[in-house]
Structures are given as C-alpha cells and as structure tokens.
There are 2 protein chains.
Amino acid sequence: MSHQVMISTSGSVLLPPEAISNLCSNLIPLATLLTPNIPEAQHLLLYYTNPGVLPTAAFPIDNINSMADVVDLAKRLQEKCSSAVLVKGGHLPFLSDGSVARRQKGKAFVMDVLALSNGTVKIFSSPYIDSNNTHGTGCSLASAIACNIGFSQPLPTAVSNARDYISGAIAASYPLGKGSGPINHVHNIYRRPYSKGRFFDYLINHPRVAKIWNDYVNHDFVKKIANGTLSTENFVWYLKQDYLFLIHFVRAKALLTYKGTTMSKINECSTNLSGAIRESALHVRYCAELIPGLTEQDLESTPEAPATTAYTRYILDIGHSGDIAALMVSLISCSVGYQVAAKNREKEDSSVRTSEGNPFWKWIEEYASDKYAEETQVQRDVLEKLAEGFGVTQVEELVEIFRKVTEMERNFFSAAVEAKIP
Amino acid sequence: MSHQVMISTSGSVLLPPEAISNLCSNLIPLATLLTPNIPEAQHLLLYYTNPGVLPTAAFPIDNINSMADVVDLAKRLQEKCSSAVLVKGGHLPFLSDGSVARRQKGKAFVMDVLALSNGTVKIFSSPYIDSNNTHGTGCSLASAIACNIGFSQPLPTAVSNARDYISGAIAASYPLGKGSGPINHVHNIYRRPYSKGRFFDYLINHPRVAKIWNDYVNHDFVKKIANGTLSTENFVWYLKQDYLFLIHFVRAKALLTYKGTTMSKINECSTNLSGAIRESALHVRYCAELIPGLTEQDLESTPEAPATTAYTRYILDIGHSGDIAALMVSLISCSVGYQVAAKNREKEDSSVRTSEGNPFWKWIEEYASDKYAEETQVQRDVLEKLAEGFGVTQVEELVEIFRKVTEMERNFFSAAVEAKIP
C-alpha cells in the first residue's frame with residue numbers, strides 16, 4: 001500500500017514532471033488500484049496521452065460538467081494504465097437533480113467512480129457532508145481500502161466499506177487546531193468499562209450502585225438473623241413474603257429459560273430454575289418449624305406486600321420487554337446478594353450459631369453453603385460470557401436495572417425489619 | 001504522571017544512589033501516589049531511614065513472610081514520605097491459605113497494598129495469573145491510575161479499576177517476540193463494523209445477506225406485478241396470505257410498542273403499528289376489487305400456508321425472546337424491502353402503469369409512495385439510533401435474524417409465484 005498526493009486540494013501540483021513520469025512508468029504498473037482525485041486523474045491521463053507536455057499547474061475542475069464526465073474520465077484513465085482506478089469526486093458535489101453544484105447552496109451528494117480492469121464501472125454516491133475536518137481523507141481512504149483487501153474483500157466491497165468508514169470519520173470529526181481538522185479515525189471504536197470476567201464486579205462497584213449494594217448485603221435484617229435478635233414474627237413475615245416473591249422469581253427463571261436459544265443456555269437456566277423451586281420448599285419447612293401447622297396454602301394466601309409486588313413485577317416486565325441479559329441481571333442481585341450477605345455473617349464475631357440457640361442460623365447456613373455457591377457461580381459464568389459482547393448503551397441500561405433491583409432487595413429487607421405485626 | 005523503574009523485575013537496581021537521593025528529595029514530595037514493588041519499597045524505606053547507607057543490590061524479597069509484612073511495609077513507607085503508597089505484590093504470590101507461595105504450585109492470589117496519607121490501608125487482591133506476558137505492567141498500572149484520577153475517581157477506586165484493567169490486559173495478552181511479552185492494552189476495546197447511521201446498509205450489504213436481499217427486492221413476483229403478467233389467482237393467493245401475515249405482523253408491532261420503554265419510542269412504534277393496520281385494510285379493498293363480494297371474514301378464514309406460519313411465528317418468537325432491537329430488525333426487512341422493491345420497479349422500462357391496463361400497479365404505487373417512505377424512514381431512524389450502542393455479539397445475532405427474515409420474505413414471494421391454484 002502506498003499513497004502519494006500528486007495534486008493538493010488547493011490545486012498545487014506537488015510532484016515535478018520527472019517524478020510523475022517515474023510514477024507512471026515504474027509504480028503504477030505495480031498497483032492494484034489508483035485513487036486519484038479529479039485533477040490528478042486528468043493530469044495522469046494527459047501524461048499517458050502525451051508524456052511530453054505535462055503542465056505545471058493543475059487542470060481546472062470546471063471542465064467536468066456532469067456525472068457522465070467523471071465516469072468517462074475514470075474509464076479513459078483505466079484503459080491507459082493496467083490497474084483499477086477510483087476517481088474521487090469529493091471536491092465536486094452534485095445537486096439532488098444530478099447536476100454539478102457550483103455554489104455551496106444545495107450540495108446534495110458526492111460520488112466516486114470505480115473503473116475495474118474488466119471494463120465495468122461502479123458508481124458510489126453518498127450524502128455531501130459540510131465539514132472542514134477532511135485533513136487526511138485521501139490517505140485514510142487508500143489505507144482503509146488496502147486493509148479491506150487484506151480482509152479478502154472484493155475490490156468494489158473494499159471500496160464501498162472504506163467509503164462508509166471515511167464518511168463516518170468525517171461526520172464524527174472534531175475541529176482541532178487551525179485550518180482543515182483531522183477526520184476521526186476511531187469513530188466506531190468503543191471501550192467496554194470492564195475486563196473479561198469482571199462484569200459482576202463492575203456492577204457492584206459502580207458509583208451508582210456501590211452504596212446500595214453494601215446496604216443490602218450488610219443489612220440490619222441479615223445481621224439480626226445472624227445474631228438471633230430478629231423477632232420470630234418478623235422472620236415469619238419475611239418468609240411468607242419471600243415465598244410469594246419466589247413464585248414470581250421462579251416464573252421469571254422459566255421465562256429466562258425460554259429466552260435461552262441454545263441447549264446449553266437452556267440447561268443452565270433450567271438448573272437455576274430448579275434451584276429456586278427447591279429454595280421455596282425450604283421456606284415452607286422453615287415456616288412449619290417456626291409456626292407448627294402452617295401449610296403451603298397458608299403461605300400462598302398471604303396478602304402480597306407492596307415491596308413484594310414492586311420487585312417481582314419489575315423483574316417480570318424486564319423479562320417481557322428485554323433480552324436474556326437484562327432478565328439475568330435483574331435476577332442476579334438477589335441470588336449473589338444472598339450469598340454475600342450470608343458469607344459476610346459467617347465471618348462475624350457477633351454471629352450466633354444454631355448450637356448456641358439461634359433458630360434463624362440455618363438461613364445463613366443455606367445461603368453460605370457450597371451447593372448454593374455452585375448455583376450462583378453457574379449464573380455468574382453465563383452472565384460473564386454474555387458480557388463479553390455487550391455494547392455501551394446496553395451496559396448503561398444493565399447498570400440501571402441492577403441498581404434498581406438491588407434497591408428493591410434492600411427495601412424488601414427494610415420492610416421485613418420494620419413490619420409491625422399485630 | 002511519571003513512572004520511573006528503580007529496581008527491575010530481575011532484581012537489578014536501575015538507579016544510582018545519587019538519583020535515588022534526588023528522587024526522594026525533589027520528585028516524591030510532588031507525587032500523589034508512589035507505586036513501588038516490594039524491593040523498591042524496601043529500598044526507599046531504607047533511604048528515608050538512613051540515607052547514607054544505600055545498598056547497590058536489591059533487597060531479597062524473601063524477608064517478606066506474610067500479608068501483614070506487606071501491609072507493614074506500605075504503612076511505614078507512607079509515614080516517611082508525604083504521598084500515598086501502593087506497594088505492588090505482583091512478584092509475591094500467596095497460597096489460598098494466605099501464606100507466601102515459595103514455589104509455582106498452588107499460587108492462588110497476589111495482593112497490592114494501598115496506604116493512604118490519612119493512615120488508612122486498603123488491600124486489593126486478585127487471582128494469580130500464570131503468564132510471561134507482563135512486560136510494561138508497572139508503567140501501564142501507573143498510567144491507568146493517573147487516567148482514572150483524571151476521571152475524578154477517588155484514589156482507592158482509581159487503583160481498583162486500574163488493577164482490573166491490568167489483570168484483563170495480562171489475561172488477554174499474546175506471546176509476542178522473545179522473553180516477557182507485552183500485556184494487551186486494548187483488551188476491552190472493540191470496533192463496530194459500521195459507521196453511525198449506516199447499520200441498515202451494513203445489514204443489506206453483509207456477505208451473508210447481500211444476495212438474498214437482492215433476490216428478494218428484485219423478485220420475479222414483484223416484476224410480474226409491475227409488468228402485469230402475474231395471474232390474478234396468484235395475486236389473490238398472495239393478498240390472502242399477506243393478510244394473514246399482517247395479522248401477526250401487527251401483533252408483533254404491538255409487542256414492539258410494549259418493548260419501547262420511553263414515550264418517544266412507544267409513540268414511534270405505535271405510529272408504525274397504525275401504518276400496518278391501514279396496510280391490511282388496503283389488502284381487503286384490493287381483494288374486493290379483484291374478487292367482488294370477498295369479505296374480511298373470507299380473508300381471515302383462508303388456510304395459512306407454511307411460508308406464512310414460518311415467517312410470522314419466527315418474528316413473534318424473536319419478539320418474546322429478544323429485545324426491542326432484535327424485534328425491530330426482524331420487522332424491518334419486510335417494511336423497507338417492499339419500498340425498495342416498488343421503487344426499483346418504478347424505474348424499469350418494462351413496468352406497466354394502471355392507465356396502461358395493469359390491475360396490480362396500485363400495489364407498486366402504494367409501496368413506492370412518499371407516505372410509505374415516511375413510515376419506513378421513522379423505523380430506520382429508530383433502528384439507527386439503537387445501533388449506535390450495539391455490542392459485537394448483538395450485531396452478529398442481528399445479522400442472522402435479518403438474513404433469516406429476508407430469506408423468508410424471498411420464500412414468501414416464491415410461494416406466491418409458484419402457488420398452483422386449482
């Protein structure tokens with residue numbers, strides 16, 4: 001790949017005649033594609049027609065009066081040299097009726113003409129962009145075409161994609177310095193704000209989330225479960241509401257399973273679903289131990305608290321309106337948060353075990369267990385795999401979903417501590 | 001930001017004593033944060049304690065025997081100099097039980113210790129990564145911390161995020177050249193394969209799509225409508241099946257409207273929905289003109305052809321399992337394809353107008369109309385806006401959805417041409 005500017009945008013001939021002669025005799029025969037602008041194409045055509053009389057000034061562009069003239073120029077130059085020719089018409093905008101725009105007003109499109117060595121011609125047109133930031137456009141176009149050829153794209157595709165890239169780079173440019181500014185080469189490059197495998201950590205450490213997450217996993221409610229100071233009434237209130245929560249949590253996991261479009265994702269989501277059903281059975285047993293005679297039907301007929309309705313229906317709506325990633329993020333704060341909350345309590349000196357008379361300790365044991373850790377790890381692994389492909393907008397949306405469900409988890413615990421049982 | 005390697009990974013002291021003296025007297029007092037490795041921290045601490053006796057070789061790292069020793073080192077050095085200190089323990093991996101790993105086997109984690117000038121200490125640990133590609137790790141960490149400080153992150157957050165970035169860069173490195181390879185600085189950078197506003201063009205020009213798209217928008221079925229050579233029976237067959245198609249197409253647009261989570265998206269999707277309902281009314285009128293007496297009920301009771309069932313239920317499943325972008329992509333091949341197909345026929349010499357006796361020409365007029373163009377433009381604009389935030393995996397999935405629906409559009413037209421009406 002080589003890019004040599006022969007005549008500048010302002011019309012100066014930048015190469016002496018001997019250099020042009022050398023270019024035409026030695027370099028161009030080796031080229032796959034020439035990318036002259038209109039004056040350069042005219043200059044080269046003249047050399048090939050009559051090498052003795054090369055002018056020292058550029059041709060005036062105003063002898064090109066139509067799209068057909070540009071096509072003709074490209075075809076004639078291509079016939080003279082062996083390589084393909086892309087005549088760049090960036091400095092010759094057209095009006096929407098296809099005539100040459102001689103004034104700024106009404107400039108509608110620009111066109112480049114590709115004349116291939118098999119005699120066919122391809123015209124590329126694109127909307128005219130009014131911008132001074134076009135410095136390096138020609139070099140960048142030639143480089144982009146060369147890269148696309150390197151990606152095994154056929155020449156017309158390579159040119160078309162390179163033109164799209166350059167249009168985007170001009171449209172996204174910033175006016176830097178004085179005069180013509182540079183085009184923006186990185187206009188379609190993005191940075192994900194987390195490393196591979198660290199999306200969940202990114203979520204919990206996000207400035208909008210960190211405090212809420214900490215309030216949730218170190219909530220007074222969990223501390224009172226761990227040190228046995230929660231009232232049995234409040235624990236039962238929680239177990240009943242959490243049972244109602246689990247009904248919809250399990251429904252959401254069924255919806256998640258539906259959204260898994262490969263058998264491995266379906267399998268992982270369904271394992272997760274089974275885990276949540278088992279968790280709900282555990283709640284029935286806890287309740288029956290604390291209030292002898294309490295049945296599953298009693299649990300199901302408990303009136304749903306506002307915190308329970310808000311949280312569960314929010315998750316289900318995410319499930320209906322969003323994709324598998326959104327639903328997974330809406331579910332994972334609960335799953336992993338319970339694990340972290342229980343694990344944190346295991347380490348605390350103030351914790352009171354079952355053997356020391358804490359009737360609630362088995363709740364801690366359940367969520368700090370290796371079995372539960374395995375289940376949450378499967379969910380985290382699926383999410384981290386998905387996160388390798390997230391786009392920037394998606395990441396922002398997922399942070400907001402995670403923030404909101406984490407807040408609702410915290411509020412759910414608060415409601416459980418504060419519930420006034422008659 | 002300045003990063004000066006004082007003692008290399010291999011243990012060589014890279015700065016002469018005078019330079020270290022200068023560093024400590026003149027440069028360090030200006031620093032926000034020092035980021036020494038363990039031998040460098042020991043060396044600096046010795047200078048501050050007794051400037052006269054600086055050794056020329058590095059301290060052996062094996063006098064550090066526990067995590068507490070590293071914490072102690074960081075705190076002592078921080079007390080001597082005014083800036084915060086991050087002692088980097090990358091060369092001192094620990095076993096999972098928290099003891100120093102003296103052999104390769106069992107290396108579990110590494111830790112860095114941040115001692116802040118307010119006397120608090122923060123420990124960062126991360127899994128040990130077995131890699132030789134750690135060239136430039138220290139420089140990159142210091143630069144990343146400086147950048148994060150530039151983003152107004154508090155020092156502990158800046159350090160934590162920089163460590164995540166560096167871990168990701170080591171994990172994603174390639175072994176280049178000989179010896180320690182470089183870390184991969186661009187591990188969380190990705191490129192969208194289209195420029196802003198060009199996502200739809202990217203879809204139709206995609207190598208997996210281009211031919212199918214061309215077969216669809218220039219299908220014999222549409223050419224026969226345009227030149228009036230289609231049999232009335234086949235046109236009626238198409239109108240009936242397309243009426244059945246529109247029922248589910250409208251349902252899918254209702255689902256799309258549900259998935260719009262801002263009032264402006266909801267409004268745009270709903271306009272689109274109204275357009276599709278009006279389109280279905282047009283079908284009833286066409287049919288009634290061609291087969292006098294045919295009613296809407298007759299249309300609804302037409303048996304659904306397999307091509308109709310396949311296409312409509314595929315779209316609805318995308319709607320249920322995917323997000324708004326996936327559903328929009330599954331709908332737009334139909335909307336824009338009809339417009340392109342009709343517009344292409346308007347330009348053709350072989351086309352036969354209504355005034356020239358073509359009873360089907362109004363179909364072309366409808367889809368080539370300005371009103372229809374406006375409706376498709378709204379959809380394209382919404383999609384292009386969404387496309388600015390797509391991730392790489394998402395783009396791949398959307399291409400496949402678009403390919404599949406375009407193929408089903410083509411098959412639907414083929415079924416209409418080939419239908420044998422008894």
# chains A, B, ... in the order shown; residues from 1 in each chain; ligands from 1
call {"tool": "interface_residues", "arguments": {"of": "chain A", "to": "chain B", "cutoff": "10 Å", "atoms": "only C-alpha atoms", "output": "PyMOL selection string"}}
result
chain A and resi 153+157+160-161+164-169+171-172+186-198+201-202+205-207+255-261+317-326+386-396
call {"tool": "select_by_dssp", "arguments": {"residues": "region 4-86 of chain B", "states": "strand (DSSP E or B)", "output": "PyMOL selection string"}}
result
chain B and resi 7+13+33-34+37+66+84-86
call {"tool": "atom_distance", "arguments": {"atom1": "CA of Asn234 (chain A)", "atom2": "CA of Leu299 (chain A)"}}
result
14.6 Å
call {"tool": "residues_around", "arguments": {"residues": "Ile212 (chain A)", "least_positions_apart": "2", "cutoff": "9 Å", "atoms": "only C-alpha atoms", "output": "NGL selection string"}}
result
:A and (204 or 208-210 or 214-217 or 403 or 406-407 or 410)
call {"tool": "write_last_selection", "arguments": {"atoms": "N, CA and C atoms", "output": "PDB file, in the first residue's frame"}}
result
ATOM      1  N   ILE A 204     -21.348  -4.191  40.930  1.00  0.00           N
ATOM      2  CA  ILE A 204     -21.458  -3.899  42.369  1.00  0.00           C
ATOM      3  C   ILE A 204     -20.572  -2.731  42.809  1.00  0.00           C
ATOM      4  N   ARG A 208     -23.062   4.349  41.010  1.00  0.00           N
ATOM      5  CA  ARG A 208     -24.494   4.473  41.296  1.00  0.00           C
ATOM      6  C   ARG A 208     -25.023   3.284  42.111  1.00  0.00           C
ATOM      7  N   VAL A 209     -24.196   2.253  42.269  1.00  0.00           N
ATOM      8  CA  VAL A 209     -24.672   1.007  42.878  1.00  0.00           C
ATOM      9  C   VAL A 209     -23.996   0.706  44.217  1.00  0.00           C
ATOM     10  N   ALA A 210     -22.676   1.025  44.329  1.00  0.00           N
ATOM     11  CA  ALA A 210     -21.837   0.521  45.425  1.00  0.00           C
ATOM     12  C   ALA A 210     -22.475   0.667  46.814  1.00  0.00           C
ATOM     13  N   ASN A 214     -23.886  -2.376  49.262  1.00  0.00           N
ATOM     14  CA  ASN A 214     -23.338  -2.559  50.601  1.00  0.00           C
ATOM     15  C   ASN A 214     -24.445  -2.536  51.670  1.00  0.00           C
ATOM     16  N   ASP A 215     -25.396  -1.589  51.507  1.00  0.00           N
ATOM     17  CA  ASP A 215     -26.526  -1.520  52.440  1.00  0.00           C
ATOM     18  C   ASP A 215     -27.323  -2.820  52.431  1.00  0.00           C
ATOM     19  N   TYR A 216     -27.442  -3.391  51.239  1.00  0.00           N
ATOM     20  CA  TYR A 216     -28.235  -4.620  51.060  1.00  0.00           C
ATOM     21  C   TYR A 216     -27.538  -5.838  51.676  1.00  0.00           C
ATOM     22  N   VAL A 217     -26.270  -6.085  51.295  1.00  0.00           N
ATOM     23  CA  VAL A 217     -25.621  -7.324  51.762  1.00  0.00           C
ATOM     24  C   VAL A 217     -25.189  -7.245  53.233  1.00  0.00           C
ATOM     25  N   ARG A 403     -29.058  -1.590  39.578  1.00  0.00           N
ATOM     26  CA  ARG A 403     -29.215  -0.622  40.665  1.00  0.00           C
ATOM     27  C   ARG A 403     -30.620  -0.718  41.242  1.00  0.00           C
ATOM     28  N   THR A 406     -31.346  -3.997  43.145  1.00  0.00           N
ATOM     29  CA  THR A 406     -30.582  -4.022  44.399  1.00  0.00           C
ATOM     30  C   THR A 406     -31.271  -3.127  45.431  1.00  0.00           C
ATOM     31  N   GLU A 407     -31.753  -1.988  44.965  1.00  0.00           N
ATOM     32  CA  GLU A 407     -32.503  -1.081  45.842  1.00  0.00           C
ATOM     33  C   GLU A 407     -33.771  -1.777  46.363  1.00  0.00           C
ATOM     34  N   ARG A 410     -32.888  -4.254  49.045  1.00  0.00           N
ATOM     35  CA  ARG A 410     -32.637  -3.537  50.305  1.00  0.00           C
ATOM     36  C   ARG A 410     -33.969  -3.134  50.946  1.00  0.00           C
TER      37      ARG A 410
END
call {"tool": "residues_around", "arguments": {"residues": "region 286-294 of chain B", "least_positions_apart": "6", "cutoff": "12 Å", "atoms": "only C-alpha atoms", "output": "list in words"}}
result
Ser231, Thr232, Glu233, Asn234, Phe235, Val236, Trp237, Tyr238, Leu239, Lys240, Gln241, Asp242, Tyr243, Glu279, Ser280, Glu300, Ser301, Thr302, Pro359, Phe360, Trp361, Lys362, Trp363 and Glu366 of chain B
call {"tool": "residues_around", "arguments": {"residues": "Pro51 (chain A)", "least_positions_apart": "4", "cutoff": "10 Å", "atoms": "only C-alpha atoms", "output": "list in words"}}
result
Pro17, Ile20, Ser21, Cys24, Leu44, Leu45, Leu46 and Tyr47 of chain A
call {"tool": "write_last_selection", "arguments": {"atoms": "N, CA and C atoms", "output": "PDB file, in the first residue's frame"}}
result
ATOM      1  N   PRO A  17       7.496  17.045 -12.930  1.00  0.00           N
ATOM      2  CA  PRO A  17       7.197  16.173 -14.065  1.00  0.00           C
ATOM      3  C   PRO A  17       8.009  14.875 -14.082  1.00  0.00           C
ATOM      4  N   ILE A  20       6.433  12.417 -11.831  1.00  0.00           N
ATOM      5  CA  ILE A  20       5.188  11.885 -12.405  1.00  0.00           C
ATOM      6  C   ILE A  20       5.514  10.844 -13.474  1.00  0.00           C
ATOM      7  N   SER A  21       6.521  11.120 -14.256  1.00  0.00           N
ATOM      8  CA  SER A  21       6.952  10.175 -15.280  1.00  0.00           C
ATOM      9  C   SER A  21       7.377   8.851 -14.647  1.00  0.00           C
ATOM     10  N   CYS A  24       4.352   6.926 -13.272  1.00  0.00           N
ATOM     11  CA  CYS A  24       3.569   6.255 -14.301  1.00  0.00           C
ATOM     12  C   CYS A  24       4.313   5.054 -14.893  1.00  0.00           C
ATOM     13  N   LEU A  44      -2.844  12.648 -14.940  1.00  0.00           N
ATOM     14  CA  LEU A  44      -2.289  11.349 -15.321  1.00  0.00           C
ATOM     15  C   LEU A  44      -2.718  10.967 -16.735  1.00  0.00           C
ATOM     16  N   LEU A  45      -3.986  11.240 -17.039  1.00  0.00           N
ATOM     17  CA  LEU A  45      -4.495  10.906 -18.371  1.00  0.00           C
ATOM     18  C   LEU A  45      -3.696  11.645 -19.447  1.00  0.00           C
ATOM     19  N   LEU A  46      -3.395  12.917 -19.172  1.00  0.00           N
ATOM     20  CA  LEU A  46      -2.619  13.709 -20.111  1.00  0.00           C
ATOM     21  C   LEU A  46      -1.226  13.098 -20.302  1.00  0.00           C
ATOM     22  N   TYR A  47      -0.608  12.689 -19.174  1.00  0.00           N
ATOM     23  CA  TYR A  47       0.715  12.076 -19.282  1.00  0.00           C
ATOM     24  C   TYR A  47       0.669  10.859 -20.189  1.00  0.00           C
TER      25      TYR A  47
END
call {"tool": "atom_distance", "arguments": {"atom1": "CA of Lys75 (chain A)", "atom2": "CA of Ala115 (chain A)"}}
result
5.6 Å
call {"tool": "residues_around", "arguments": {"residues": "Gln104 (chain A)", "least_positions_apart": "5", "cutoff": "10 Å", "atoms": "only C-alpha atoms", "output": "list in words"}}
result
Pro93, Leu95 and Asp130 of chain A
call {"tool": "atom_distance", "arguments": {"atom1": "CA of Gly337 (chain A)", "atom2": "CA of Ala416 (chain A)"}}
result
16.3 Å
call {"tool": "residues_around", "arguments": {"residues": "region 412-415 of chain A", "least_positions_apart": "4", "cutoff": "6 Å", "atoms": "only C-alpha atoms", "output": "list in words"}}
result
Phe221, Ala307, Met408 and Ala419 of chain A
call {"tool": "write_last_selection", "arguments": {"atoms": "N, CA, C and O atoms", "output": "compact mmCIF listing (two decimals), in the first residue's frame"}}
result
# COMPACT_ATOMS: atom_id res chain seq x y z
N PHE A 221 -31.33 -6.44 58.80
CA PHE A 221 -32.19 -7.62 58.80
C PHE A 221 -31.35 -8.90 58.83
O PHE A 221 -31.61 -9.81 59.62
N ALA A 307 -43.82 -3.97 48.68
CA ALA A 307 -42.42 -4.20 48.30
C ALA A 307 -42.28 -5.48 47.47
O ALA A 307 -41.45 -5.54 46.56
N MET A 408 -34.43 -2.54 45.48
CA MET A 408 -35.66 -3.22 45.91
C MET A 408 -35.37 -4.36 46.87
O MET A 408 -36.16 -4.65 47.76
N ALA A 419 -41.64 -4.30 59.63
CA ALA A 419 -43.04 -4.75 59.63
C ALA A 419 -43.59 -4.80 61.06
O ALA A 419 -42.96 -5.37 61.95
call {"tool": "select_by_dssp", "arguments": {"residues": "region 87-250 of chain B", "states": "helix (DSSP H, G or I)", "output": "JSON, numbers by chain"}}
result
{"B": [137, 138, 139, 140, 141, 142, 143, 144, 145, 146, 147, 148, 149, 150, 155, 156, 157, 158, 159, 160, 161, 162, 163, 164, 165, 166, 167, 168, 169, 170, 171, 199, 200, 201, 202, 203, 204, 205, 210, 211, 212, 213, 214, 215, 216, 217, 220, 221, 222, 223, 224, 225, 226, 227, 232, 233, 234, 235, 236, 237, 238, 239, 240, 241, 242, 243, 244, 245, 246, 247, 248, 249, 250]}
call {"tool": "closest_residue", "arguments": {"among": "B:Lys178, B:Phe124, B:Leu15, B:Ser82", "to": "Pro29 (chain B)", "atoms": "only C-alpha atoms"}}
result
B:Ser82
call {"tool": "closest_residue", "arguments": {"among": "B:Leu30, B:Val417, B:Val222, B:Val405", "to": "Ser330 (chain B)", "atoms": "only C-alpha atoms"}}
result
B:Val405
